[in-house]
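The block underneath contains the structure these notes are about, expressed in structure tokens.
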Amino acid sequence: MIARMSYAEGIRSGFGYLFKNYPNVFAIGQGLWSPWYVGSSMTDLDKDFGRERVIDSQVSELSVTGAAVGASLFGYRPIVIHPRIDFMLLAVDQIVNQAAKWHHMLGGQVSPSLVIRAIINRGGEQGAQHSQALHSWFAHIPGLRVVMPATATDARDLLIAATLSNDPVLYIDDRWLYDWEDEASPVVELDLAKQGPLVRRPGTDLTIAAASFSVRLAMHAAEELAKQGISAEVVDVRVLNPMHPKPIIDSVRKTGRLLAVDGGWKNCGFAGELLALASESLPTSTWMAPPRRITLVDAPAPTSRPLEDAYYTTAADVVAAATALVGQKVPA
Amino acid sequence: MAAEQFGYATGFRDTLGDLADPKCYTGALDLAQVENDWALAKLRDMLLVRVAEEVVGDLAESGEARCPCHLGIGQEAVAVGVSAHLKSTDRVFGAHRSHSHYLALGGGLIELFGEVLGKEIGSSKGMGGSMHLYGPEFGFHGSVPIVGATIPIATGAGLACKMDGAGAVAVSYFGDGAAEEGILHESLNMAAILKLPVIFVCENNLFSSHLDIHLRQPQNSVARFATAHAVPAQVVDGNDVVAMARATEQLVARARAGEGPGFIEAITYRWRGHVGPKEDVDVGVRRQPGELVAWKHRDPVRRLADALVARGAIAADAVQVITEELRAKCSDALEQARNAPYPPVSNLLDFVYQRGNP
């Protein structure tokens, strides 16, 4: 039987690999010595590798992130952990004004080589400040690489690639993926600069482009669509900034239809960017239907259950949108 | 009193006392136990900062320098005093007003003027300007104008020093305005709890931009923030290079020995406005011509020179002679910076990310 690895195990395995092989890597953030904050993604790392390298920090998102920027200038490769991306907003100056800018504004002489790991942790009636997915904000910033793994293997290998990258990287993982399993495979040290979108499932009728948890929705939807005779190609974008759009454009050139699925909001968001880059790159003759997107509605996350059920996108929503997009193939 | 007149800060406490009164601390420095060579070197260092900043002021005035230039003329003793006890392996971070921090550590004039003019020969390859200086080979690891932003970065540099275990220290320069940012509190707390070798140096020049400290804080000494975090603090006449060096020596020695962070509040006053070459006597509150004249009596350069003259270590016209010599040196450097090329336009995209992986 082939061994399986969950997404959370992938993250933990990535940390273990980094701590074992790279003495200049350390992790710092709130809750790292506790089982509550980061799920099972960092269990016992402090016991295995020492509390000098796995530092449970003060409740100070800004100074902790700034300290990681500072340490990264002197040969260290810190990984700052923000157990909820909502709280990371207190650290935005260090991410956007500092980490992302220093290499450019100091003439390419120094690069903050840190990873900022932010966790999307939503659902369960947690409400407006415990539920956000803010990747679109950060993918707007030149100089900040933004990575959103969807699979267990990527969760591990992109964490390693992000840490070994000399550029600052925002690595965003999603608690709704923690139980999603992959076949376990050996660690591969990837060059993050060369990573781009991957086709997770080939198809011919439409392209569903997504990242992170939305890839999981897209994969489930593609299975359903196959039963209806619709062949969906799922493209996992993986790296949101800087984006390598070619695999997405190639896919849409083949299928003639694009459905972008994103767990963020609509206005000025990631899904809109996918539509824009495909639209401006392909001639009108390519398009068999106008591209579409599924996002959250432009509203904060609610708490009450019926509102929450209405708020989040489901695989059934993706199936419905894809079916509409492939209009002529809708069964009678 | 100005503060009450504007309806702010009733109950303001003057916790600086004589240090905030420009009528005090105007005499020659006490050079007991100070060697002539050391003092003369500091006089030259301060004059170099002053003359170089006057050149930058002229460039800003003429419009040849277009980036925002924040001059620290009048505050030279702070950086020169602190740098007296730093090594090139220490890690110093500045802010928007950092020409003095850069030059006092040994930063080059061509690289300073080149950066201000946006030339490739500049310290940041012409990509940063006056507010983004860089010189890691002599310990200056960057300056930025987002107020307080380098405070946690210096704290992290201190964490790296601690992890290295080689006795280096980090230094964070910031102003009294930055003491109003929450990040100072976070960083002092972090440095204290992790016992990091970080020296926090607040240049309290009593103004943030146009606004007097009386209108911004209920007390005028900011060392209270260090005390609140159990970080040893010294409040020093920032226009006394000897006092600045002594305070630094003590706190740096503790930090190198693994005893944790220190805080210096250097009371000083800038002779020019917040940004650019003007004196800003027409804006803000209490920054009036009379007050500026009064503060110029606490000139850090003259006070040291007077002491050296009194001791017979230098001639009465020594400051004049050194100033002329440094002006000539600055003129040469400026010509080289002027003649240097601008950065290639390809830098725009080439410097967004670093190429390759380790």
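Labels for the structure tokens follow display order: chains A, B, ..., residues from 1 in each chain, ligands from 1.
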Spatial neighbours of stretch 160-162 of chain A, max dist 6 Å, only C-alpha atoms, sep filter under 3 positions, as an NGL selection string: :A and (14 or 157 or 165 or 169 or 190-192)
Save out the residues we just selected, N, CA, C and O atoms, as a PDB file, in the first residue's frame.
```pdb
ATOM      1  N   GLY A  14       7.972  19.494   6.222  1.00  0.00           N
ATOM      2  CA  GLY A  14       8.804  20.551   5.639  1.00  0.00           C
ATOM      3  C   GLY A  14       9.630  21.245   6.712  1.00  0.00           C
ATOM      4  O   GLY A  14      10.835  21.478   6.542  1.00  0.00           O
ATOM      5  N   ASP A 157       6.978  20.920   0.090  1.00  0.00           N
ATOM      6  CA  ASP A 157       8.085  21.324  -0.793  1.00  0.00           C
ATOM      7  C   ASP A 157       8.088  22.829  -1.067  1.00  0.00           C
ATOM      8  O   ASP A 157       9.156  23.417  -1.268  1.00  0.00           O
ATOM      9  N   SER A 165      14.503  30.353  -0.558  1.00  0.00           N
ATOM     10  CA  SER A 165      14.505  31.494  -1.471  1.00  0.00           C
ATOM     11  C   SER A 165      15.152  32.688  -0.790  1.00  0.00           C
ATOM     12  O   SER A 165      14.949  32.921   0.398  1.00  0.00           O
ATOM     13  N   VAL A 169       9.039  35.754   1.330  1.00  0.00           N
ATOM     14  CA  VAL A 169       7.931  34.956   0.805  1.00  0.00           C
ATOM     15  C   VAL A 169       6.795  34.934   1.814  1.00  0.00           C
ATOM     16  O   VAL A 169       7.014  34.682   3.005  1.00  0.00           O
ATOM     17  N   LEU A 190      12.981  22.582  -4.399  1.00  0.00           N
ATOM     18  CA  LEU A 190      12.602  23.308  -5.613  1.00  0.00           C
ATOM     19  C   LEU A 190      13.168  24.722  -5.586  1.00  0.00           C
ATOM     20  O   LEU A 190      13.325  25.310  -4.517  1.00  0.00           O
ATOM     21  N   ASP A 191      13.424  25.270  -6.763  1.00  0.00           N
ATOM     22  CA  ASP A 191      13.774  26.689  -6.883  1.00  0.00           C
ATOM     23  C   ASP A 191      12.458  27.449  -7.008  1.00  0.00           C
ATOM     24  O   ASP A 191      11.756  27.346  -8.012  1.00  0.00           O
ATOM     25  N   LEU A 192      12.121  28.205  -5.976  1.00  0.00           N
ATOM     26  CA  LEU A 192      10.806  28.849  -5.944  1.00  0.00           C
ATOM     27  C   LEU A 192      10.583  29.761  -7.154  1.00  0.00           C
ATOM     28  O   LEU A 192       9.467  29.848  -7.680  1.00  0.00           O
TER      29      LEU A 192
END
```
Mind checking which residues fall within 9 Å of B:Tyr173, counting only C-alpha atoms, ignoring those fewer than 3 positions away in the same chain, and posting them as a JSON list (two decimals) with N, CA and C atoms, in the first residue's frame?
```
[["chain", "number", "residue", "atom", "x", "y", "z"],
["B", 79, "ALA", "N", 25.50, 60.77, 16.94],
["B", 79, "ALA", "CA", 26.04, 59.67, 16.15],
["B", 79, "ALA", "C", 27.54, 59.51, 16.36],
["B", 92, "VAL", "N", 23.99, 48.54, 12.75],
["B", 92, "VAL", "CA", 23.36, 49.83, 13.03],
["B", 92, "VAL", "C", 22.28, 50.13, 12.00],
["B", 93, "PHE", "N", 21.14, 50.61, 12.49],
["B", 93, "PHE", "CA", 20.01, 50.96, 11.63],
["B", 93, "PHE", "C", 19.57, 52.39, 11.91],
["B", 94, "GLY", "N", 19.25, 53.09, 10.85],
["B", 94, "GLY", "CA", 18.85, 54.48, 10.99],
["B", 94, "GLY", "C", 17.42, 54.72, 10.58],
["B", 95, "ALA", "N", 17.09, 55.99, 10.38],
["B", 95, "ALA", "CA", 15.72, 56.37, 10.02],
["B", 95, "ALA", "C", 15.78, 57.38, 8.88],
["B", 98, "SER", "N", 19.44, 60.31, 8.74],
["B", 98, "SER", "CA", 20.53, 59.39, 9.09],
["B", 98, "SER", "C", 21.87, 59.68, 8.43],
["B", 101, "HIS", "N", 24.45, 59.24, 11.07],
["B", 101, "HIS", "CA", 24.69, 57.86, 11.51],
["B", 101, "HIS", "C", 25.61, 57.15, 10.53],
["B", 150, "THR", "N", 12.60, 50.66, 11.61],
["B", 150, "THR", "CA", 13.85, 49.91, 11.81],
["B", 150, "THR", "C", 14.04, 49.48, 13.27],
["B", 151, "ILE", "N", 13.16, 49.92, 14.15],
["B", 151, "ILE", "CA", 13.32, 49.51, 15.56],
["B", 151, "ILE", "C", 13.19, 47.99, 15.71],
["B", 199, "ILE", "N", 20.98, 48.33, 21.43],
["B", 199, "ILE", "CA", 21.05, 49.66, 22.04],
["B", 199, "ILE", "C", 20.05, 50.54, 21.30],
["B", 200, "PHE", "N", 19.04, 50.97, 22.03],
["B", 200, "PHE", "CA", 18.03, 51.86, 21.47],
["B", 200, "PHE", "C", 18.50, 53.29, 21.71],
["B", 201, "VAL", "N", 18.68, 54.06, 20.64],
["B", 201, "VAL", "CA", 19.16, 55.44, 20.78],
["B", 201, "VAL", "C", 18.08, 56.39, 20.28],
["B", 202, "CYS", "N", 17.43, 57.06, 21.21],
["B", 202, "CYS", "CA", 16.41, 58.04, 20.83],
["B", 202, "CYS", "C", 17.05, 59.42, 20.77],
["B", 203, "GLU", "N", 17.06, 60.02, 19.59],
["B", 203, "GLU", "CA", 17.52, 61.40, 19.46],
["B", 203, "GLU", "C", 16.30, 62.28, 19.71]]
```
For A:Val110, list every protein, DNA or RNA residue within 9 Å, evaluated using only C-alpha atoms, and leave out those in the same chain fewer than 5 positions away; present the list as a list in words. Leu73, Trp102, His103 and His104 of chain A; Gln354 of chain B
Compute the set of chain A residues within 9 Å of chain B, using only C-alpha atoms, and express it as a VMD selection string. chain A and resid 52 57 to 76 93 to 94 97 to 98 100 to 111 142 to 145 161 164 to 168 191 to 193
Quick check for you: according to DSSP on this backbone, which residues of stretch 132-291 of chain B are classed as strand (DSSP E)? Reply as a PyMOL selection string. chain B and resi 140-143+170-175+198-204+207-208+211-212+233-237+262-267
Proximity to A:Arg122 - best of A:Val326, A:Ile85, A:Leu159, A:Ile2, only C-alpha atoms: A:Ile85
Determine which residues of stretch 124-355 of chain B DSSP labels as alpha helix (DSSP H) from the backbone of this structure, then write them out as a ChimeraX atom specification. /B:150-164,182-193,224-228,241-256,289-296,300-310,318-339,347-350
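Take the candidates B:Leu109, B:Ala228, B:Leu86, B:Ala39 and check each one against B:Val252 using only C-alpha atoms; the shortest distance goes to B:Leu86.
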Near-B:Ala84 list (7 Å; only C-alpha atoms; drop same-chain fewer than 3 positions) as a compact mmCIF listing (two decimals) with N, CA, C and O atoms, in the first residue's frame:
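That gives us result_6.txt:
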```
# COMPACT_ATOMS: atom_id res chain seq x y z
N VAL B 80 28.25 60.63 16.46
CA VAL B 80 29.70 60.54 16.64
C VAL B 80 30.03 59.92 18.01
O VAL B 80 30.91 59.07 18.12
N GLY B 81 29.28 60.28 19.01
CA GLY B 81 29.51 59.70 20.34
C GLY B 81 29.17 58.22 20.39
O GLY B 81 29.93 57.41 20.92
N ALA B 245 29.43 59.32 24.30
CA ALA B 245 30.34 58.16 24.17
C ALA B 245 30.38 57.36 25.48
O ALA B 245 30.37 56.13 25.45
```
Just want the 7 Å neighbourhood of B:Arg97, counted on only C-alpha atoms, with same-chain residues fewer than 6 positions away dropped. Output as JSON, numbers by chain. {"B": [70, 71, 72]}
Applying 7 Å and only C-alpha atoms, which residues near stretch 231-244 of chain B remain after dropping the ones on its own chain fewer than 4 positions away? List them as a compact mmCIF listing (two decimals) with N, CA, C and O atoms, in the first residue's frame.
```
# COMPACT_ATOMS: atom_id res chain seq x y z
N LEU B 19 17.95 69.91 30.82
CA LEU B 19 18.34 69.38 29.51
C LEU B 19 17.47 69.93 28.39
O LEU B 19 17.88 69.97 27.23
N LEU B 29 32.96 71.72 27.02
CA LEU B 29 32.78 70.38 27.58
C LEU B 29 33.84 70.12 28.65
O LEU B 29 34.93 70.67 28.61
N GLN B 75 22.91 68.13 15.58
CA GLN B 75 22.77 66.88 16.34
C GLN B 75 23.99 65.97 16.16
O GLN B 75 23.92 64.77 16.47
N ALA B 77 26.75 65.34 17.65
CA ALA B 77 27.42 64.63 18.75
C ALA B 77 26.78 63.28 19.05
O ALA B 77 27.44 62.39 19.60
N VAL B 78 25.52 63.12 18.67
CA VAL B 78 24.84 61.85 19.00
C VAL B 78 25.51 60.70 18.26
O VAL B 78 26.02 59.75 18.86
N VAL B 80 28.25 60.63 16.46
CA VAL B 80 29.70 60.54 16.64
C VAL B 80 30.03 59.92 18.01
O VAL B 80 30.91 59.07 18.12
N GLY B 81 29.28 60.28 19.01
CA GLY B 81 29.51 59.70 20.34
C GLY B 81 29.17 58.22 20.39
O GLY B 81 29.93 57.41 20.92
N VAL B 82 28.03 57.84 19.82
CA VAL B 82 27.63 56.43 19.83
C VAL B 82 28.63 55.59 19.03
O VAL B 82 29.08 54.52 19.47
N ALA B 192 13.82 42.95 25.89
CA ALA B 192 13.99 42.69 27.32
C ALA B 192 13.73 41.23 27.64
O ALA B 192 14.52 40.58 28.34
N ALA B 223 12.56 58.37 27.96
CA ALA B 223 13.22 57.22 28.58
C ALA B 223 12.25 56.42 29.45
O ALA B 223 12.52 55.28 29.80
N ALA B 226 11.51 52.95 28.24
CA ALA B 226 12.52 51.92 28.53
C ALA B 226 12.36 51.42 29.96
O ALA B 226 12.36 50.22 30.22
N THR B 227 12.22 52.36 30.88
CA THR B 227 12.08 52.01 32.29
C THR B 227 10.88 51.07 32.48
O THR B 227 10.95 50.12 33.25
N THR B 248 27.20 55.29 25.87
CA THR B 248 27.23 54.19 24.92
C THR B 248 28.18 53.10 25.41
O THR B 248 27.85 51.90 25.36
N PRO B 261 19.50 44.54 26.62
CA PRO B 261 19.44 45.82 25.91
C PRO B 261 19.70 47.03 26.79
O PRO B 261 19.67 46.94 28.02
N GLY B 262 19.92 48.17 26.12
CA GLY B 262 20.06 49.45 26.80
C GLY B 262 19.39 50.54 25.99
O GLY B 262 19.09 50.34 24.81
N PHE B 263 19.14 51.66 26.64
CA PHE B 263 18.40 52.76 26.00
C PHE B 263 19.10 54.07 26.32
O PHE B 263 19.40 54.35 27.47
N ILE B 264 19.38 54.83 25.28
CA ILE B 264 19.96 56.17 25.48
C ILE B 264 18.98 57.19 24.93
O ILE B 264 18.54 57.08 23.78
N GLU B 265 18.62 58.14 25.77
CA GLU B 265 17.84 59.27 25.28
C GLU B 265 18.79 60.46 25.19
O GLU B 265 19.30 60.95 26.21
N ALA B 266 19.05 60.89 23.95
CA ALA B 266 20.00 61.99 23.72
C ALA B 266 19.20 63.25 23.45
O ALA B 266 18.48 63.35 22.45
N ILE B 267 19.31 64.23 24.34
CA ILE B 267 18.54 65.47 24.17
C ILE B 267 19.33 66.41 23.26
O ILE B 267 20.48 66.75 23.54
N THR B 268 18.70 66.80 22.18
CA THR B 268 19.39 67.60 21.20
C THR B 268 18.39 68.52 20.50
O THR B 268 17.26 68.67 20.97
N ARG B 298 24.07 75.89 22.39
CA ARG B 298 24.45 74.55 22.88
C ARG B 298 25.10 73.75 21.73
O ARG B 298 24.99 72.53 21.66
N ASP B 299 25.79 74.42 20.89
CA ASP B 299 26.44 73.82 19.71
C ASP B 299 27.44 72.74 20.13
O ASP B 299 28.42 73.02 20.83
N PRO B 300 27.22 71.50 19.70
CA PRO B 300 28.12 70.41 20.12
C PRO B 300 29.54 70.59 19.59
O PRO B 300 30.50 70.14 20.24
```
